[in-house]
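Please read the structure below before turning to the comments.
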Amino acid sequence: MTTVEPAPDEVRVIEAGAAPTRFARGWHCLGLAESFADGKPHPITAFGQKLVVFAGEDGKLNVLDAYCRHMGGDLSQGTVKGNEVACPFHDWRWGGDGRCKQIPYSRRVPLRARTAAWTTMVQDKMLFVWNDPEGNPPPADVVIPRIEGATRDDWTDWTWYETHVDTNCREVVDNVVDMAHFFYVHFAFPTYFKNIFEGHVATQLQRGTSREDVRPPAKDGQPKALGNTSVAAYYGPSFMIDELTYHYEGMDIDAVLINCHYPVTANSFKLQYGIIVKRTDKLSGAEAEETARKMGDFIRIGFEQDVQIWKNKTRIENPLLCEEDGPVYQLRRWYEQFYVDVADVTPEMTERFEFELDTAKPNAAWRKEVEENLGRRTGERV
């Protein structure tokens, strides 16, 4: 078979394609567990449907289809009674296993009184649900690792954010390999950048510094920022753990950043992110909490920059790449494993793949741009 190369002057056509009609298989974080544990039913729109999240008297968090199988009442508008959620329409009581437990005005519960119940997990103070279009339980080897410090006193509590984004969630995952956008969108110098894909995990290894022409230098008495080191990994299609170390003169600050999302519809998702910071002898008590808040607010600016890009770009199945753009197509092959049946997962989706970008050429060009910007700023002040 021969391949016909396009003529050099041929116009490149964007293949936009359509978003998948199914939702990714895997664990999805719905948010901090404590936000659902107040004894009230909570509505969530996810995976193209309305769900209800509630905690019973036993403290267990449950996720059900929001609509009562009796007459269609909205369980999220009902009441938690004991360990069940009661429909506001006729008071049918639904347990976390999806079975109707009692109907106060009836002698017996119909044998087919079952609704959809989702497999849940509470880990590191977050609530997860398992989604699988084939209806299979989560495999033992598809796990989200425990996070150091999430439940320890020598780390801060989660500083948490969320926002709704009207586009397909593949856009956020593409960032795993997109080294160049860190300079143009997030105003940083990536001085080292490597990706590793294997199994259900996609990892980004990065070192970088901030742009002096955008971020102001440290004020008198504040330590000078030297850069950061990041090991960020998606465990499945939607949950990233980023082990971050911010380097300053005379000290390091260790943090863990969560970047996660769940699909609302095929073309919208809820983006969530949170951060915890490790306490040290130089960063203790309220100061550590304030540092986490400031870091979170700074990270929020970065995510808002991403969202602005996503809101205005088109979906593109055939991105035209240069060699410094990273393994976009390989990442998308890894990501595809979560959108096909388990029997259709191919080795090229899961076998180990490593790629390290050469950052020398980009950083030389970017350094020149920053120096020119600083030079113009100096000239304007003279």
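All residue names refer to the structure tokens as shown: chains lettered A, B, ... in order, residues numbered from 1 in each chain, ligands numbered from 1 in order.
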Please provide the set of residues having any atom within 7 Å of region 119-132 of chain A, restricted to only C-alpha atoms, with same-chain residues fewer than 3 positions apart removed, written as a ChimeraX atom specification.
/A:25-33,62,135-136,138,146-147,150-151
Restrict the selected residues to C-alpha atoms and save them as an mmCIF file, in the first residue's frame.
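Here's the written file out_8.cif:
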```
data_model
loop_
_atom_site.group_PDB
_atom_site.id
_atom_site.type_symbol
_atom_site.label_atom_id
_atom_site.label_comp_id
_atom_site.auth_asym_id
_atom_site.auth_seq_id
_atom_site.Cartn_x
_atom_site.Cartn_y
_atom_site.Cartn_z
ATOM 1 C CA ARG A 25 -14.707 3.793 32.161
ATOM 2 C CA GLY A 26 -12.989 4.479 35.464
ATOM 3 C CA TRP A 27 -13.071 6.148 38.851
ATOM 4 C CA HIS A 28 -14.398 9.715 38.847
ATOM 5 C CA CYS A 29 -14.180 12.125 41.768
ATOM 6 C CA LEU A 30 -17.434 13.929 42.611
ATOM 7 C CA GLY A 31 -15.801 16.244 45.158
ATOM 8 C CA LEU A 32 -14.890 16.389 48.825
ATOM 9 C CA ALA A 33 -16.777 13.769 50.823
ATOM 10 C CA ASN A 62 -24.376 6.475 48.422
ATOM 11 C CA GLY A 135 -21.622 -2.622 33.953
ATOM 12 C CA ASN A 136 -18.504 -4.375 35.260
ATOM 13 C CA PRO A 138 -13.720 -1.969 39.114
ATOM 14 C CA ARG A 146 -3.323 6.920 48.549
ATOM 15 C CA ILE A 147 -2.104 10.500 48.789
ATOM 16 C CA ALA A 150 -4.285 13.910 52.784
ATOM 17 C CA THR A 151 -5.278 12.561 56.185
#
```
Residue neighbourhood Leu271 (chain A), 9 Å, only C-alpha atoms, exclusion window fewer than 2 positions, as JSON, numbers by chain
{"A": [161, 162, 163, 164, 165, 169, 172, 259, 260, 261, 262, 263, 269, 273]}
Atom pair CA of Val264 (chain A) / CA of Tyr335 (chain A): separation (Å)
18.2 Å
Could you name the residues that touch Asp157 (chain A) at 9 Å or less, counting only C-alpha atoms, but leaving out those on the same chain fewer than 3 positions away, as an NGL selection string?
:A and (150-153 or 275-277 or 289 or 292)
Selection above as a file: all heavy atoms, as a PDB file, in the first residue's frame:
```pdb
ATOM      1  N   ALA A 150      -2.870  13.523  52.896  1.00  0.00           N
ATOM      2  CA  ALA A 150      -4.285  13.910  52.784  1.00  0.00           C
ATOM      3  C   ALA A 150      -5.048  13.712  54.087  1.00  0.00           C
ATOM      4  O   ALA A 150      -6.051  14.392  54.325  1.00  0.00           O
ATOM      5  CB  ALA A 150      -4.957  13.122  51.661  1.00  0.00           C
ATOM      6  N   THR A 151      -4.594  12.812  54.916  1.00  0.00           N
ATOM      7  CA  THR A 151      -5.278  12.561  56.185  1.00  0.00           C
ATOM      8  C   THR A 151      -4.338  12.725  57.376  1.00  0.00           C
ATOM      9  O   THR A 151      -4.620  12.226  58.464  1.00  0.00           O
ATOM     10  CB  THR A 151      -5.877  11.140  56.196  1.00  0.00           C
ATOM     11  OG1 THR A 151      -4.835  10.173  55.962  1.00  0.00           O
ATOM     12  CG2 THR A 151      -6.943  10.993  55.118  1.00  0.00           C
ATOM     13  N   ARG A 152      -3.232  13.447  57.176  1.00  0.00           N
ATOM     14  CA  ARG A 152      -2.243  13.611  58.241  1.00  0.00           C
ATOM     15  C   ARG A 152      -2.249  15.033  58.779  1.00  0.00           C
ATOM     16  O   ARG A 152      -2.489  15.995  58.050  1.00  0.00           O
ATOM     17  CB  ARG A 152      -0.843  13.256  57.726  1.00  0.00           C
ATOM     18  CG  ARG A 152      -0.623  11.764  57.609  1.00  0.00           C
ATOM     19  CD  ARG A 152       0.681  11.361  56.977  1.00  0.00           C
ATOM     20  NE  ARG A 152       1.741  12.340  57.041  1.00  0.00           N
ATOM     21  CZ  ARG A 152       2.915  12.178  56.411  1.00  0.00           C
ATOM     22  NH1 ARG A 152       3.125  11.103  55.657  1.00  0.00           N
ATOM     23  NH2 ARG A 152       3.854  13.100  56.497  1.00  0.00           N
ATOM     24  N   ASP A 153      -1.934  15.153  60.068  1.00  0.00           N
ATOM     25  CA  ASP A 153      -1.951  16.470  60.717  1.00  0.00           C
ATOM     26  C   ASP A 153      -0.804  17.365  60.275  1.00  0.00           C
ATOM     27  O   ASP A 153      -0.876  18.590  60.451  1.00  0.00           O
ATOM     28  CB  ASP A 153      -1.897  16.299  62.241  1.00  0.00           C
ATOM     29  CG  ASP A 153      -3.164  15.688  62.801  1.00  0.00           C
ATOM     30  OD1 ASP A 153      -4.203  15.766  62.118  1.00  0.00           O
ATOM     31  OD2 ASP A 153      -3.114  15.118  63.912  1.00  0.00           O
ATOM     32  N   ILE A 275      -5.667  21.545  46.617  1.00  0.00           N
ATOM     33  CA  ILE A 275      -4.263  21.501  46.989  1.00  0.00           C
ATOM     34  C   ILE A 275      -4.119  21.350  48.492  1.00  0.00           C
ATOM     35  O   ILE A 275      -4.933  21.876  49.267  1.00  0.00           O
ATOM     36  CB  ILE A 275      -3.519  22.757  46.490  1.00  0.00           C
ATOM     37  CG1 ILE A 275      -1.996  22.593  46.618  1.00  0.00           C
ATOM     38  CG2 ILE A 275      -4.002  24.024  47.195  1.00  0.00           C
ATOM     39  CD1 ILE A 275      -1.196  23.654  45.877  1.00  0.00           C
ATOM     40  N   ILE A 276      -3.121  20.581  48.915  1.00  0.00           N
ATOM     41  CA  ILE A 276      -2.694  20.504  50.310  1.00  0.00           C
ATOM     42  C   ILE A 276      -1.208  20.818  50.363  1.00  0.00           C
ATOM     43  O   ILE A 276      -0.474  20.588  49.394  1.00  0.00           O
ATOM     44  CB  ILE A 276      -2.974  19.128  50.944  1.00  0.00           C
ATOM     45  CG1 ILE A 276      -2.337  17.998  50.124  1.00  0.00           C
ATOM     46  CG2 ILE A 276      -4.469  18.904  51.132  1.00  0.00           C
ATOM     47  CD1 ILE A 276      -2.452  16.632  50.770  1.00  0.00           C
ATOM     48  N   VAL A 277      -0.763  21.359  51.484  1.00  0.00           N
ATOM     49  CA  VAL A 277       0.633  21.785  51.651  1.00  0.00           C
ATOM     50  C   VAL A 277       1.187  21.159  52.922  1.00  0.00           C
ATOM     51  O   VAL A 277       0.496  21.092  53.948  1.00  0.00           O
ATOM     52  CB  VAL A 277       0.720  23.332  51.725  1.00  0.00           C
ATOM     53  CG1 VAL A 277       2.130  23.780  52.108  1.00  0.00           C
ATOM     54  CG2 VAL A 277       0.317  23.942  50.382  1.00  0.00           C
ATOM     55  N   GLU A 289      -1.802  27.080  56.103  1.00  0.00           N
ATOM     56  CA  GLU A 289      -3.133  27.157  55.498  1.00  0.00           C
ATOM     57  C   GLU A 289      -3.232  28.332  54.527  1.00  0.00           C
ATOM     58  O   GLU A 289      -3.815  28.225  53.450  1.00  0.00           O
ATOM     59  CB  GLU A 289      -4.195  27.302  56.601  1.00  0.00           C
ATOM     60  CG  GLU A 289      -4.241  26.159  57.597  1.00  0.00           C
ATOM     61  CD  GLU A 289      -4.850  24.895  57.039  1.00  0.00           C
ATOM     62  OE1 GLU A 289      -5.421  24.947  55.935  1.00  0.00           O
ATOM     63  OE2 GLU A 289      -4.744  23.847  57.714  1.00  0.00           O
ATOM     64  N   ALA A 292      -1.411  27.474  51.320  1.00  0.00           N
ATOM     65  CA  ALA A 292      -2.231  26.602  50.471  1.00  0.00           C
ATOM     66  C   ALA A 292      -3.290  27.421  49.730  1.00  0.00           C
ATOM     67  O   ALA A 292      -3.546  27.189  48.541  1.00  0.00           O
ATOM     68  CB  ALA A 292      -2.877  25.512  51.318  1.00  0.00           C
TER      69      ALA A 292
END
```
Counting only C-alpha atoms, which of A:Ile241, A:Arg333, A:Phe303, A:Ala225 gets nearest to Val345 (chain A)?
A:Arg333
Output as a PyMOL selection string all residues of region 42-207 of chain A that backbone DSSP marks as alpha helix (DSSP H).
chain A and resi 170-174+181-184
I'd like to know which of A:Asp306, A:Val370, A:Ala365, A:Asp178 is closest to Ser210 (chain A), using only C-alpha atoms.
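Of the candidates, the smallest distance to Ser210 (chain A) is held by A:Val370.
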Nearest to Lys50 (chain A) by atom-to-atom distance, counting only C-alpha atoms, from A:Tyr235, A:Asn363, A:Gly98, A:Thr265:
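Once distances to Lys50 (chain A) are computed over only C-alpha atoms, the minimum belongs to A:Thr265.
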List the neighbours of region 349-361 of chain A out to 10 Å using only C-alpha atoms; skip same-chain residues closer than 6 positions along the sequence, and give me the result as an MDAnalysis selection string.
chainID A and resid 177 179:180 189:205 323:327 330:338 367
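Minimum distance to Thr79 (chain A) across A:Asp213, A:Glu34, A:Asp91, A:Asp341 (counting only C-alpha atoms) occurs at A:Asp91.
Taking CA of Trp158 (chain A) and CA of Lys40 (chain A) as endpoints, the distance between them is 22.1 Å.
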Can you list, as a ChimeraX atom specification, every residue of region 240-364 of chain A that DSSP puts in strand (DSSP E)?
/A:240-248,251-265,268-277,353-357
Name the residues in contact with Leu111 (chain A) at a cut-off of 10 Å, using only C-alpha atoms, excluding same-chain residues fewer than 2 positions from it; report them as a count of residues only.
6
Leaving out region 280-287 of chain A and any residue of its chain fewer than 5 positions from it, which residues lie within 10 Å of it when counting only C-alpha atoms, given as a list in words?
Asp154, Trp155, Thr156, Gly250, Met251, Asp252, Ile253, Asp254, Ala292 and Arg293 of chain A
Keeping only N, CA and C atoms, take the residues you just selected and write them out as a short mmCIF file (atom, residue, chain, number, x, y, z; two decimals), in the first residue's frame.
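File produced: selection05.cif:
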```cif
data_model
loop_
_atom_site.label_atom_id
_atom_site.label_comp_id
_atom_site.auth_asym_id
_atom_site.auth_seq_id
_atom_site.Cartn_x
_atom_site.Cartn_y
_atom_site.Cartn_z
N ASP A 154 0.27 16.78 59.72
CA ASP A 154 1.39 17.61 59.30
C ASP A 154 1.21 18.15 57.88
N TRP A 155 -0.01 18.01 57.35
CA TRP A 155 -0.38 18.64 56.09
C TRP A 155 -1.65 19.44 56.31
N THR A 156 -1.90 20.43 55.46
CA THR A 156 -3.11 21.23 55.57
C THR A 156 -4.32 20.44 55.08
N GLY A 250 16.58 28.92 50.35
CA GLY A 250 16.59 28.53 51.75
C GLY A 250 15.48 27.59 52.18
N MET A 251 14.55 27.22 51.26
CA MET A 251 13.47 26.32 51.67
C MET A 251 12.75 25.75 50.46
N ASP A 252 12.13 24.59 50.66
CA ASP A 252 11.23 24.00 49.70
C ASP A 252 9.85 23.88 50.32
N ILE A 253 8.81 23.98 49.50
CA ILE A 253 7.45 23.76 49.95
C ILE A 253 6.88 22.58 49.17
N ASP A 254 6.51 21.52 49.89
CA ASP A 254 5.93 20.34 49.26
C ASP A 254 4.41 20.48 49.25
N ALA A 292 -1.41 27.47 51.32
CA ALA A 292 -2.23 26.60 50.47
C ALA A 292 -3.29 27.42 49.73
N ARG A 293 -3.91 28.36 50.44
CA ARG A 293 -4.93 29.19 49.81
C ARG A 293 -4.34 30.04 48.69
#
```
From the set A:Ile14, A:Ile301, A:Leu51, A:Met295, which residue has the shortest atom-to-atom contact distance to Phe187 (chain A), counting only C-alpha atoms?
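Ranked by minimum distance to Phe187 (chain A), first place goes to A:Ile301.
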Nearest to Phe182 (chain A): which of A:Gly379, A:Pro362, A:Gly296, A:Gly82 is it, counting only C-alpha atoms?
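Of the candidates, the smallest distance to Phe182 (chain A) is held by A:Pro362.
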